[in-house]
file input-v6.txt (compact mmCIF, N, CA and C atoms)
# COMPACT_ATOMS: atom_id res chain seq x y z
N MET A 1 29.00 12.64 8.49
CA MET A 1 28.91 13.64 7.45
C MET A 1 27.79 14.62 7.81
N ALA A 2 28.07 15.92 7.74
CA ALA A 2 27.09 16.94 8.12
C ALA A 2 25.97 17.02 7.07
N GLY A 3 24.74 17.21 7.55
CA GLY A 3 23.61 17.36 6.64
C GLY A 3 23.09 16.07 6.05
N THR A 4 23.48 14.95 6.62
CA THR A 4 22.98 13.65 6.15
C THR A 4 22.42 12.86 7.31
N THR A 5 21.60 11.88 6.99
CA THR A 5 21.06 10.97 8.00
C THR A 5 20.76 9.65 7.33
N ARG A 6 20.67 8.61 8.12
CA ARG A 6 20.35 7.28 7.58
C ARG A 6 18.93 7.25 7.05
N ILE A 7 18.73 6.53 5.95
CA ILE A 7 17.41 6.46 5.31
C ILE A 7 16.37 5.83 6.23
N ASP A 8 16.72 4.77 6.95
CA ASP A 8 15.74 4.13 7.82
C ASP A 8 15.30 5.06 8.95
N LYS A 9 16.23 5.81 9.49
CA LYS A 9 15.92 6.75 10.57
C LYS A 9 15.06 7.90 10.02
N TYR A 10 15.37 8.35 8.82
CA TYR A 10 14.64 9.46 8.20
C TYR A 10 13.19 9.05 7.91
N LEU A 11 12.99 7.86 7.33
CA LEU A 11 11.63 7.41 7.01
C LEU A 11 10.79 7.25 8.27
N TRP A 12 11.42 6.81 9.35
CA TRP A 12 10.71 6.70 10.63
C TRP A 12 10.41 8.09 11.18
N ALA A 13 11.36 9.01 11.06
CA ALA A 13 11.22 10.34 11.63
C ALA A 13 10.12 11.15 10.93
N ILE A 14 9.93 10.95 9.61
CA ILE A 14 8.89 11.70 8.91
C ILE A 14 7.58 10.92 8.84
N ARG A 15 7.50 9.86 9.61
CA ARG A 15 6.27 9.10 9.81
C ARG A 15 5.78 8.32 8.60
N VAL A 16 6.71 7.87 7.75
CA VAL A 16 6.33 6.99 6.65
C VAL A 16 6.09 5.59 7.23
N PHE A 17 6.89 5.21 8.23
CA PHE A 17 6.73 3.92 8.90
C PHE A 17 6.51 4.16 10.39
N LYS A 18 5.76 3.26 11.00
CA LYS A 18 5.41 3.39 12.41
C LYS A 18 6.62 3.15 13.32
N THR A 19 7.48 2.21 12.94
CA THR A 19 8.67 1.92 13.74
C THR A 19 9.90 1.97 12.86
N ARG A 20 11.04 2.17 13.48
CA ARG A 20 12.29 2.18 12.71
C ARG A 20 12.59 0.78 12.18
N THR A 21 12.18 -0.24 12.89
CA THR A 21 12.37 -1.61 12.42
C THR A 21 11.59 -1.84 11.13
N ASP A 22 10.38 -1.31 11.03
CA ASP A 22 9.60 -1.42 9.79
C ASP A 22 10.33 -0.74 8.64
N ALA A 23 10.91 0.42 8.90
CA ALA A 23 11.66 1.14 7.88
C ALA A 23 12.88 0.34 7.44
N THR A 24 13.59 -0.25 8.39
CA THR A 24 14.76 -1.06 8.09
C THR A 24 14.37 -2.28 7.25
N ASP A 25 13.30 -2.95 7.63
CA ASP A 25 12.84 -4.13 6.88
C ASP A 25 12.43 -3.76 5.46
N ALA A 26 11.80 -2.60 5.29
CA ALA A 26 11.41 -2.16 3.94
C ALA A 26 12.64 -1.91 3.08
N CYS A 27 13.67 -1.32 3.66
CA CYS A 27 14.91 -1.08 2.91
C CYS A 27 15.57 -2.40 2.53
N LYS A 28 15.60 -3.34 3.46
CA LYS A 28 16.20 -4.65 3.19
C LYS A 28 15.40 -5.43 2.15
N GLY A 29 14.09 -5.20 2.10
CA GLY A 29 13.21 -5.92 1.18
C GLY A 29 13.08 -5.24 -0.18
N ASN A 30 13.97 -4.29 -0.48
CA ASN A 30 13.97 -3.56 -1.76
C ASN A 30 12.64 -2.85 -2.03
N LYS A 31 12.03 -2.31 -1.00
CA LYS A 31 10.79 -1.56 -1.15
C LYS A 31 11.04 -0.06 -1.13
N VAL A 32 12.32 0.33 -0.97
CA VAL A 32 12.69 1.74 -0.90
C VAL A 32 13.80 2.00 -1.91
N THR A 33 13.65 3.06 -2.70
CA THR A 33 14.72 3.48 -3.61
C THR A 33 15.02 4.95 -3.36
N VAL A 34 16.29 5.32 -3.53
CA VAL A 34 16.72 6.70 -3.42
C VAL A 34 17.34 7.09 -4.75
N ASN A 35 16.77 8.09 -5.39
CA ASN A 35 17.24 8.54 -6.70
C ASN A 35 17.29 7.39 -7.71
N GLY A 36 16.32 6.47 -7.61
CA GLY A 36 16.21 5.37 -8.57
C GLY A 36 17.04 4.14 -8.27
N ALA A 37 17.78 4.12 -7.17
CA ALA A 37 18.63 2.97 -6.84
C ALA A 37 18.15 2.30 -5.55
N ASP A 38 18.15 0.96 -5.55
CA ASP A 38 17.84 0.22 -4.32
C ASP A 38 18.94 0.52 -3.30
N ILE A 39 18.55 0.57 -2.04
CA ILE A 39 19.51 0.97 -1.01
C ILE A 39 19.45 0.05 0.20
N LYS A 40 20.46 0.20 1.05
CA LYS A 40 20.50 -0.49 2.34
C LYS A 40 20.00 0.48 3.40
N PRO A 41 19.58 -0.04 4.57
CA PRO A 41 19.07 0.85 5.62
C PRO A 41 20.09 1.88 6.10
N SER A 42 21.38 1.62 5.92
CA SER A 42 22.41 2.53 6.41
C SER A 42 22.77 3.63 5.41
N LYS A 43 22.11 3.65 4.26
CA LYS A 43 22.39 4.65 3.23
C LYS A 43 22.15 6.05 3.78
N GLU A 44 23.14 6.93 3.60
CA GLU A 44 23.02 8.32 4.04
C GLU A 44 22.30 9.12 2.95
N ILE A 45 21.31 9.90 3.36
CA ILE A 45 20.58 10.75 2.42
C ILE A 45 20.83 12.20 2.76
N LYS A 46 20.58 13.08 1.79
CA LYS A 46 20.78 14.51 2.00
C LYS A 46 19.63 15.27 1.36
N ALA A 47 19.55 16.56 1.59
CA ALA A 47 18.50 17.39 1.02
C ALA A 47 18.56 17.31 -0.51
N GLY A 48 17.38 17.19 -1.13
CA GLY A 48 17.31 17.11 -2.59
C GLY A 48 17.12 15.70 -3.11
N ASP A 49 17.38 14.69 -2.30
CA ASP A 49 17.20 13.30 -2.73
C ASP A 49 15.71 13.00 -2.90
N VAL A 50 15.39 12.11 -3.85
CA VAL A 50 14.01 11.69 -4.07
C VAL A 50 13.89 10.24 -3.62
N ILE A 51 12.94 9.98 -2.73
CA ILE A 51 12.75 8.66 -2.15
C ILE A 51 11.42 8.09 -2.66
N VAL A 52 11.44 6.84 -3.11
CA VAL A 52 10.22 6.15 -3.52
C VAL A 52 10.04 4.96 -2.58
N VAL A 53 8.88 4.89 -1.93
CA VAL A 53 8.58 3.82 -0.97
C VAL A 53 7.38 3.05 -1.50
N ARG A 54 7.53 1.72 -1.62
CA ARG A 54 6.41 0.87 -2.06
C ARG A 54 5.76 0.25 -0.84
N LYS A 55 4.50 0.59 -0.64
CA LYS A 55 3.70 0.01 0.44
C LYS A 55 2.50 -0.64 -0.22
N GLY A 56 2.51 -1.96 -0.31
CA GLY A 56 1.47 -2.67 -1.03
C GLY A 56 1.58 -2.38 -2.50
N ALA A 57 0.50 -1.94 -3.12
CA ALA A 57 0.50 -1.65 -4.55
C ALA A 57 0.80 -0.18 -4.83
N ILE A 58 1.01 0.60 -3.80
CA ILE A 58 1.18 2.04 -3.96
C ILE A 58 2.64 2.44 -3.82
N HIS A 59 3.10 3.30 -4.72
CA HIS A 59 4.46 3.84 -4.67
C HIS A 59 4.38 5.30 -4.21
N PHE A 60 4.78 5.56 -2.97
CA PHE A 60 4.80 6.91 -2.42
C PHE A 60 6.14 7.55 -2.79
N THR A 61 6.10 8.82 -3.19
CA THR A 61 7.31 9.53 -3.58
C THR A 61 7.48 10.75 -2.69
N TYR A 62 8.70 10.92 -2.15
CA TYR A 62 9.01 12.04 -1.27
C TYR A 62 10.31 12.70 -1.71
N LYS A 63 10.37 14.01 -1.57
CA LYS A 63 11.61 14.75 -1.81
C LYS A 63 12.12 15.23 -0.45
N VAL A 64 13.39 15.00 -0.18
CA VAL A 64 13.99 15.38 1.10
C VAL A 64 14.25 16.88 1.07
N LEU A 65 13.63 17.63 1.97
CA LEU A 65 13.85 19.07 2.08
C LEU A 65 14.95 19.36 3.09
N ALA A 66 14.96 18.60 4.18
CA ALA A 66 15.99 18.74 5.22
C ALA A 66 16.08 17.42 5.95
N THR A 67 17.26 17.12 6.47
CA THR A 67 17.44 15.87 7.21
C THR A 67 17.14 16.11 8.68
N LEU A 68 16.84 15.02 9.38
CA LEU A 68 16.58 15.09 10.81
C LEU A 68 16.88 13.75 11.44
N GLU A 69 17.15 13.76 12.73
CA GLU A 69 17.53 12.55 13.46
C GLU A 69 16.41 12.05 14.37
N LYS A 70 15.56 12.94 14.83
CA LYS A 70 14.51 12.57 15.78
C LYS A 70 13.14 12.65 15.12
N ARG A 71 12.21 11.84 15.59
CA ARG A 71 10.85 11.83 15.06
C ARG A 71 10.15 13.16 15.37
N VAL A 72 9.41 13.65 14.38
CA VAL A 72 8.73 14.93 14.55
C VAL A 72 7.22 14.73 14.50
N GLY A 73 6.50 15.73 14.96
CA GLY A 73 5.04 15.68 14.93
C GLY A 73 4.54 15.71 13.49
N ALA A 74 3.33 15.24 13.28
CA ALA A 74 2.76 15.15 11.94
C ALA A 74 2.67 16.51 11.26
N LYS A 75 2.42 17.56 12.02
CA LYS A 75 2.33 18.91 11.44
C LYS A 75 3.68 19.41 10.94
N ASP A 76 4.77 18.95 11.54
CA ASP A 76 6.11 19.42 11.18
C ASP A 76 6.74 18.64 10.03
N VAL A 77 6.13 17.57 9.61
CA VAL A 77 6.71 16.73 8.55
C VAL A 77 6.91 17.52 7.26
N THR A 78 6.01 18.44 6.95
CA THR A 78 6.11 19.20 5.71
C THR A 78 7.36 20.07 5.65
N ASN A 79 8.00 20.35 6.79
CA ASN A 79 9.25 21.12 6.80
C ASN A 79 10.44 20.27 6.37
N TYR A 80 10.29 18.96 6.41
CA TYR A 80 11.41 18.05 6.15
C TYR A 80 11.24 17.21 4.89
N ALA A 81 10.01 17.01 4.44
CA ALA A 81 9.76 16.18 3.26
C ALA A 81 8.59 16.73 2.47
N GLU A 82 8.72 16.67 1.15
CA GLU A 82 7.64 17.09 0.27
C GLU A 82 7.05 15.84 -0.38
N ASN A 83 5.75 15.67 -0.27
CA ASN A 83 5.08 14.50 -0.84
C ASN A 83 4.83 14.74 -2.33
N LEU A 84 5.51 13.98 -3.18
CA LEU A 84 5.38 14.11 -4.63
C LEU A 84 4.57 12.97 -5.24
N THR A 85 3.87 12.22 -4.41
CA THR A 85 3.12 11.06 -4.88
C THR A 85 2.05 11.50 -5.88
N PRO A 86 2.05 10.91 -7.10
CA PRO A 86 1.05 11.30 -8.10
C PRO A 86 -0.36 10.88 -7.69
N GLU A 87 -1.35 11.60 -8.21
CA GLU A 87 -2.75 11.31 -7.89
C GLU A 87 -3.15 9.90 -8.31
N SER A 88 -2.54 9.39 -9.40
CA SER A 88 -2.88 8.05 -9.86
C SER A 88 -2.53 6.99 -8.82
N GLU A 89 -1.44 7.21 -8.07
CA GLU A 89 -1.06 6.28 -7.01
C GLU A 89 -1.98 6.43 -5.81
N LEU A 90 -2.32 7.68 -5.47
CA LEU A 90 -3.21 7.91 -4.32
C LEU A 90 -4.61 7.38 -4.58
N ALA A 91 -5.02 7.34 -5.85
CA ALA A 91 -6.34 6.82 -6.20
C ALA A 91 -6.45 5.33 -5.86
N LYS A 92 -5.33 4.63 -5.83
CA LYS A 92 -5.35 3.21 -5.50
C LYS A 92 -5.80 2.98 -4.06
N LEU A 93 -5.63 3.98 -3.21
CA LEU A 93 -6.07 3.85 -1.82
C LEU A 93 -7.58 3.75 -1.72
N HIS A 94 -8.28 4.37 -2.67
CA HIS A 94 -9.74 4.43 -2.62
C HIS A 94 -10.40 3.49 -3.63
N ALA A 95 -9.62 2.58 -4.20
CA ALA A 95 -10.17 1.65 -5.18
C ALA A 95 -11.16 0.73 -4.48
N PRO A 96 -12.30 0.47 -5.12
CA PRO A 96 -13.30 -0.40 -4.48
C PRO A 96 -12.79 -1.84 -4.41
N VAL A 97 -13.13 -2.48 -3.33
CA VAL A 97 -12.77 -3.88 -3.14
C VAL A 97 -14.06 -4.68 -3.13
N GLU A 98 -14.20 -5.56 -4.11
CA GLU A 98 -15.41 -6.36 -4.20
C GLU A 98 -15.24 -7.64 -3.39
N THR A 99 -16.20 -7.90 -2.53
CA THR A 99 -16.17 -9.13 -1.75
C THR A 99 -17.48 -9.87 -1.98
N PHE A 100 -17.42 -11.15 -1.82
CA PHE A 100 -18.59 -11.98 -2.04
C PHE A 100 -18.60 -12.99 -0.91
N PHE A 101 -19.71 -13.13 -0.23
CA PHE A 101 -19.77 -14.00 0.93
C PHE A 101 -20.90 -15.00 0.77
N VAL A 102 -20.60 -16.25 1.04
CA VAL A 102 -21.62 -17.30 1.02
C VAL A 102 -21.86 -17.71 2.46
N LYS A 103 -23.11 -17.62 2.89
CA LYS A 103 -23.44 -17.96 4.28
C LYS A 103 -23.50 -19.47 4.44
N ARG A 104 -22.84 -19.94 5.48
CA ARG A 104 -22.87 -21.37 5.82
C ARG A 104 -23.48 -21.51 7.21
N ASP A 105 -24.22 -22.56 7.39
CA ASP A 105 -24.84 -22.80 8.69
C ASP A 105 -23.77 -23.06 9.74
N ARG A 106 -24.05 -22.59 10.94
CA ARG A 106 -23.11 -22.80 12.04
C ARG A 106 -23.01 -24.29 12.33
N GLY A 107 -21.79 -24.76 12.48
CA GLY A 107 -21.57 -26.16 12.78
C GLY A 107 -21.50 -27.04 11.54
N ALA A 108 -21.60 -26.44 10.36
CA ALA A 108 -21.57 -27.22 9.13
C ALA A 108 -20.16 -27.69 8.80
N GLY A 109 -19.16 -27.10 9.43
CA GLY A 109 -17.78 -27.52 9.18
C GLY A 109 -17.24 -26.96 7.88
N ARG A 110 -16.11 -27.50 7.49
CA ARG A 110 -15.48 -27.06 6.24
C ARG A 110 -16.27 -27.57 5.05
N PRO A 111 -16.24 -26.81 3.96
CA PRO A 111 -16.95 -27.29 2.77
C PRO A 111 -16.28 -28.53 2.19
N THR A 112 -17.09 -29.42 1.62
CA THR A 112 -16.54 -30.59 0.95
C THR A 112 -15.95 -30.15 -0.38
N LYS A 113 -15.28 -31.07 -1.04
CA LYS A 113 -14.70 -30.76 -2.35
C LYS A 113 -15.78 -30.32 -3.33
N LYS A 114 -16.90 -31.02 -3.31
CA LYS A 114 -18.00 -30.72 -4.22
C LYS A 114 -18.56 -29.32 -3.93
N GLU A 115 -18.77 -29.01 -2.63
CA GLU A 115 -19.29 -27.70 -2.26
C GLU A 115 -18.31 -26.60 -2.64
N ARG A 116 -17.02 -26.89 -2.48
CA ARG A 116 -15.99 -25.90 -2.82
C ARG A 116 -16.01 -25.59 -4.32
N ARG A 117 -16.16 -26.62 -5.14
CA ARG A 117 -16.23 -26.43 -6.59
C ARG A 117 -17.47 -25.61 -6.95
N GLN A 118 -18.57 -25.87 -6.28
CA GLN A 118 -19.80 -25.10 -6.55
C GLN A 118 -19.60 -23.62 -6.19
N MET A 119 -18.96 -23.37 -5.05
CA MET A 119 -18.69 -21.99 -4.64
C MET A 119 -17.75 -21.30 -5.62
N ASP A 120 -16.69 -21.99 -6.06
CA ASP A 120 -15.76 -21.42 -7.02
C ASP A 120 -16.46 -21.10 -8.33
N GLY A 121 -17.36 -21.98 -8.75
CA GLY A 121 -18.12 -21.73 -9.97
C GLY A 121 -19.01 -20.51 -9.83
N LEU A 122 -19.61 -20.36 -8.65
CA LEU A 122 -20.46 -19.21 -8.39
C LEU A 122 -19.65 -17.92 -8.42
N TYR A 123 -18.47 -17.93 -7.80
CA TYR A 123 -17.59 -16.76 -7.79
C TYR A 123 -17.18 -16.38 -9.21
N SER A 124 -16.78 -17.37 -10.01
CA SER A 124 -16.30 -17.07 -11.36
C SER A 124 -17.45 -16.55 -12.23
N ASP A 125 -18.67 -17.10 -12.06
CA ASP A 125 -19.82 -16.60 -12.81
C ASP A 125 -20.11 -15.15 -12.45
N PHE A 126 -20.03 -14.86 -11.16
CA PHE A 126 -20.31 -13.50 -10.68
C PHE A 126 -19.27 -12.53 -11.22
N SER A 127 -17.98 -12.89 -11.14
CA SER A 127 -16.93 -11.99 -11.60
C SER A 127 -16.96 -11.83 -13.11
N ALA A 128 -17.32 -12.88 -13.86
CA ALA A 128 -17.39 -12.77 -15.32
C ALA A 128 -18.54 -11.88 -15.73
N GLU A 129 -19.64 -11.93 -14.99
CA GLU A 129 -20.82 -11.13 -15.32
C GLU A 129 -20.54 -9.64 -15.14
N PHE A 130 -19.75 -9.30 -14.12
CA PHE A 130 -19.48 -7.91 -13.82
C PHE A 130 -18.07 -7.49 -14.17
N ALA A 131 -17.41 -8.21 -15.07
CA ALA A 131 -16.04 -7.87 -15.45
C ALA A 131 -15.97 -6.50 -16.10
N GLY A 132 -17.00 -6.10 -16.79
CA GLY A 132 -17.01 -4.80 -17.44
C GLY A 132 -17.31 -3.66 -16.49
N GLY A 133 -17.71 -3.94 -15.31
CA GLY A 133 -18.03 -2.89 -14.33
C GLY A 133 -19.53 -2.77 -14.14
N TRP A 134 -19.91 -1.94 -13.20
CA TRP A 134 -21.32 -1.77 -12.87
C TRP A 134 -22.05 -0.94 -13.92
N ASP A 135 -21.33 -0.19 -14.72
CA ASP A 135 -21.96 0.63 -15.75
C ASP A 135 -22.70 -0.23 -16.77
N ASP A 136 -22.17 -1.43 -17.04
CA ASP A 136 -22.81 -2.33 -18.01
C ASP A 136 -24.21 -2.74 -17.56
N VAL A 137 -24.41 -2.88 -16.25
CA VAL A 137 -25.69 -3.29 -15.71
C VAL A 137 -26.73 -2.21 -15.98
N ASP A 138 -26.38 -0.93 -15.81
CA ASP A 138 -27.30 0.17 -16.04
C ASP A 138 -27.69 0.26 -17.52
N ASP A 139 -26.74 -0.04 -18.43
CA ASP A 139 -27.01 0.03 -19.85
C ASP A 139 -28.09 -0.98 -20.26
N GLU A 140 -28.10 -2.13 -19.64
CA GLU A 140 -29.09 -3.17 -19.99
C GLU A 140 -30.49 -2.73 -19.59
N ASP A 141 -30.61 -2.00 -18.49
CA ASP A 141 -31.91 -1.55 -18.01
C ASP A 141 -32.49 -0.47 -18.93
N ASP A 142 -31.64 0.33 -19.57
CA ASP A 142 -32.08 1.43 -20.41
C ASP A 142 -32.67 0.95 -21.73
N GLU A 143 -32.33 -0.23 -22.19
CA GLU A 143 -32.76 -0.72 -23.48
C GLU A 143 -34.22 -1.08 -23.54
call {"tool": "encode", "arguments": {"input": "input-v6.txt", "output": "structure tokens"}}
result
Amino acid sequence: MAGTTRIDKYLWAIRVFKTRTDATDACKGNKVTVNGADIKPSKEIKAGDVIVVRKGAIHFTYKVLATLEKRVGAKDVTNYAENLTPESELAKLHAPVETFFVKRDRGAGRPTKKERRQMDGLYSDFSAEFAGGWDDVDDEDDE
């Protein structure tokens, strides 16, 4: 059919996925929808279709401007797809990730059950204390 291309090939060509196999696996895993419907990797798309791709917790949204068969350079992607991803989804990329590390002596081996329970208690105390965010800590100092 003229003016159409396979969804997996298109997602690879506009650089949403690094390999065509990744694009195919995403389609098979129901991580890609076209116009609100789950699709197979062989689904033909055309100009005007809206594609939603879930990568982790983020839903990227693209509008097909033109179809293509071969991979294009990053600068040329804007000629074929329009990124409609809302700012709220893009903000998830920059969300802070809190990590907590307990130093163990080298050669100490795996923690025992008792040590593991102590570490879990420490983690839960820490997360409960800062559940409201870092702003709560500043408020206590002002009083």
call {"tool": "atom_distance", "arguments": {"input": "input-v6.txt", "atom1": "atom C of Ala66 of chain A", "atom2": "atom N of Lys28 of chain A"}}
result
20.9 Å
call {"tool": "closest_residue", "arguments": {"input": "input-v6.txt", "among": "A:Ala74, A:Met119, A:Ile7, A:Ala81", "to": "Lys43 of chain A", "atoms": "only N, CA and C atoms"}}
result
A:Ile7
call {"tool": "residues_near_point", "arguments": {"input": "input-v6.txt", "point": "(1.5, -3.3, -3.1)", "cutoff": "12 Å", "atoms": "only C-alpha atoms", "output": "number ranges by chain"}}
result
A: 31, 53-60, 89, 92-93
call {"tool": "atom_distance", "arguments": {"input": "input-v6.txt", "atom1": "atom N of Ile14 of chain A", "atom2": "atom CA of Leu90 of chain A"}}
result
19.4 Å
call {"tool": "atom_distance", "arguments": {"input": "input-v6.txt", "atom1": "atom CA of Leu68 of chain A", "atom2": "atom C of Ala23 of chain A"}}
result
15.6 Å
call {"tool": "residues_near_point", "arguments": {"input": "input-v6.txt", "point": "(13.6, 9.1, 15.0)", "cutoff": "7 Å", "atoms": "all atoms listed in the file", "output": "JSON, numbers by chain"}}
result
{"A": [9, 10, 12, 13, 14, 68, 69, 70, 71, 72]}
call {"tool": "closest_residue", "arguments": {"input": "input-v6.txt", "among": "A:Ser124, A:Thr61, A:Glu115, A:Thr21", "to": "Thr85 of chain A", "atoms": "only C-alpha atoms"}}
result
A:Thr61
call {"tool": "closest_residue", "arguments": {"input": "input-v6.txt", "among": "A:Val32, A:Leu11, A:Val64, A:Ala95", "to": "Asn83 of chain A", "atoms": "only C-alpha atoms"}}
result
A:Val64
call {"tool": "closest_residue", "arguments": {"input": "input-v6.txt", "among": "A:Thr78, A:Thr19, A:Ser88, A:Thr67", "to": "Ile45 of chain A", "atoms": "only N, CA and C atoms"}}
result
A:Thr67
call {"tool": "closest_residue", "arguments": {"input": "input-v6.txt", "among": "A:Cys27, A:Val16, A:Ile39, A:Ala91", "to": "Tyr62 of chain A", "atoms": "only C-alpha atoms"}}
result
A:Val16
call {"tool": "select_by_dssp", "arguments": {"input": "input-v6.txt", "residues": "segment 3-137 of chain A", "states": "strand (DSSP E or B)", "output": "PyMOL selection string"}}
result
chain A and resi 5-6+32-34+37-38+44-45+50-55+58-64+81-83
call {"tool": "residues_around", "arguments": {"input": "input-v6.txt", "residues": "Val50 of chain A", "least_positions_apart": "5", "cutoff": "5 Å", "atoms": "only N, CA and C atoms", "output": "number ranges by chain"}}
result
A: 34-35, 62-63
call {"tool": "select_by_dssp", "arguments": {"input": "input-v6.txt", "residues": "segment 17-107 of chain A", "states": "alpha helix (DSSP H)", "output": "NGL selection string"}}
result
:A and (20-28 or 87-90)
call {"tool": "write_last_selection", "arguments": {"input": "input-v6.txt", "atoms": "N, CA and C atoms", "output": "PDB file, in the coordinates of the input"}}
result
ATOM      1  N   ARG A  20      11.040   2.170  13.480  1.00  0.00           N
ATOM      2  CA  ARG A  20      12.290   2.180  12.710  1.00  0.00           C
ATOM      3  C   ARG A  20      12.590   0.780  12.180  1.00  0.00           C
ATOM      4  N   THR A  21      12.180  -0.240  12.890  1.00  0.00           N
ATOM      5  CA  THR A  21      12.370  -1.610  12.420  1.00  0.00           C
ATOM      6  C   THR A  21      11.590  -1.840  11.130  1.00  0.00           C
ATOM      7  N   ASP A  22      10.380  -1.310  11.030  1.00  0.00           N
ATOM      8  CA  ASP A  22       9.600  -1.420   9.790  1.00  0.00           C
ATOM      9  C   ASP A  22      10.330  -0.740   8.640  1.00  0.00           C
ATOM     10  N   ALA A  23      10.910   0.420   8.900  1.00  0.00           N
ATOM     11  CA  ALA A  23      11.660   1.140   7.880  1.00  0.00           C
ATOM     12  C   ALA A  23      12.880   0.340   7.440  1.00  0.00           C
ATOM     13  N   THR A  24      13.590  -0.250   8.390  1.00  0.00           N
ATOM     14  CA  THR A  24      14.760  -1.060   8.090  1.00  0.00           C
ATOM     15  C   THR A  24      14.370  -2.280   7.250  1.00  0.00           C
ATOM     16  N   ASP A  25      13.300  -2.950   7.630  1.00  0.00           N
ATOM     17  CA  ASP A  25      12.840  -4.130   6.880  1.00  0.00           C
ATOM     18  C   ASP A  25      12.430  -3.760   5.460  1.00  0.00           C
ATOM     19  N   ALA A  26      11.800  -2.600   5.290  1.00  0.00           N
ATOM     20  CA  ALA A  26      11.410  -2.160   3.940  1.00  0.00           C
ATOM     21  C   ALA A  26      12.640  -1.910   3.080  1.00  0.00           C
ATOM     22  N   CYS A  27      13.670  -1.320   3.660  1.00  0.00           N
ATOM     23  CA  CYS A  27      14.910  -1.080   2.910  1.00  0.00           C
ATOM     24  C   CYS A  27      15.570  -2.400   2.530  1.00  0.00           C
ATOM     25  N   LYS A  28      15.600  -3.340   3.460  1.00  0.00           N
ATOM     26  CA  LYS A  28      16.200  -4.650   3.190  1.00  0.00           C
ATOM     27  C   LYS A  28      15.400  -5.430   2.150  1.00  0.00           C
ATOM     28  N   GLU A  87      -1.350  11.600  -8.210  1.00  0.00           N
ATOM     29  CA  GLU A  87      -2.750  11.310  -7.890  1.00  0.00           C
ATOM     30  C   GLU A  87      -3.150   9.900  -8.310  1.00  0.00           C
ATOM     31  N   SER A  88      -2.540   9.390  -9.400  1.00  0.00           N
ATOM     32  CA  SER A  88      -2.880   8.050  -9.860  1.00  0.00           C
ATOM     33  C   SER A  88      -2.530   6.990  -8.820  1.00  0.00           C
ATOM     34  N   GLU A  89      -1.440   7.210  -8.070  1.00  0.00           N
ATOM     35  CA  GLU A  89      -1.060   6.280  -7.010  1.00  0.00           C
ATOM     36  C   GLU A  89      -1.980   6.430  -5.810  1.00  0.00           C
ATOM     37  N   LEU A  90      -2.320   7.680  -5.470  1.00  0.00           N
ATOM     38  CA  LEU A  90      -3.210   7.910  -4.320  1.00  0.00           C
ATOM     39  C   LEU A  90      -4.610   7.380  -4.580  1.00  0.00           C
TER      40      LEU A  90
END
call {"tool": "residues_around", "arguments": {"input": "input-v6.txt", "residues": "Ala37 of chain A", "least_positions_apart": "6", "cutoff": "10 Å", "atoms": "only C-alpha atoms", "output": "PDB file with N, CA and C atoms, keeping the file's coordinate frame"}}
result
ATOM      1  N   ASN A  30      13.970  -4.290  -0.480  1.00  0.00           N
ATOM      2  CA  ASN A  30      13.970  -3.560  -1.760  1.00  0.00           C
ATOM      3  C   ASN A  30      12.640  -2.850  -2.030  1.00  0.00           C
ATOM      4  N   ILE A  51      12.940   9.980  -2.730  1.00  0.00           N
ATOM      5  CA  ILE A  51      12.750   8.660  -2.150  1.00  0.00           C
ATOM      6  C   ILE A  51      11.420   8.090  -2.660  1.00  0.00           C
ATOM      7  N   VAL A  52      11.440   6.840  -3.110  1.00  0.00           N
ATOM      8  CA  VAL A  52      10.220   6.150  -3.520  1.00  0.00           C
ATOM      9  C   VAL A  52      10.040   4.960  -2.580  1.00  0.00           C
TER      10      VAL A  52
END
call {"tool": "decode", "arguments": {"input": "input-v6.txt", "residues": "segment 74-81 of chain A", "atoms": "N, CA, C and O atoms", "output": "compact mmCIF listing (two decimals), in the first residue's frame"}}
result
# COMPACT_ATOMS: atom_id res chain seq x y z
N ALA A 74 19.37 12.08 13.03
CA ALA A 74 18.61 12.69 14.12
C ALA A 74 18.04 14.05 13.73
O ALA A 74 16.94 14.41 14.14
N LYS A 75 18.76 14.81 12.92
CA LYS A 75 18.28 16.13 12.50
C LYS A 75 17.07 16.03 11.57
O LYS A 75 16.25 16.94 11.52
N ASP A 76 16.95 14.94 10.82
CA ASP A 76 15.87 14.78 9.85
C ASP A 76 14.60 14.17 10.44
O ASP A 76 13.58 14.14 9.77
N VAL A 77 14.65 13.72 11.67
CA VAL A 77 13.50 13.06 12.29
C VAL A 77 12.29 14.00 12.34
O VAL A 77 11.15 13.56 12.16
N THR A 78 12.51 15.28 12.56
CA THR A 78 11.40 16.23 12.67
C THR A 78 10.60 16.35 11.38
O THR A 78 9.47 16.82 11.40
N ASN A 79 11.15 15.92 10.24
CA ASN A 79 10.42 15.94 8.97
C ASN A 79 9.41 14.79 8.89
O ASN A 79 8.50 14.84 8.05
N TYR A 80 9.59 13.78 9.71
CA TYR A 80 8.77 12.57 9.62
C TYR A 80 7.88 12.33 10.83
O TYR A 80 6.89 11.62 10.74
N ALA A 81 8.23 12.91 11.98
CA ALA A 81 7.44 12.70 13.20
C ALA A 81 7.44 13.96 14.04
O ALA A 81 8.46 14.64 14.15
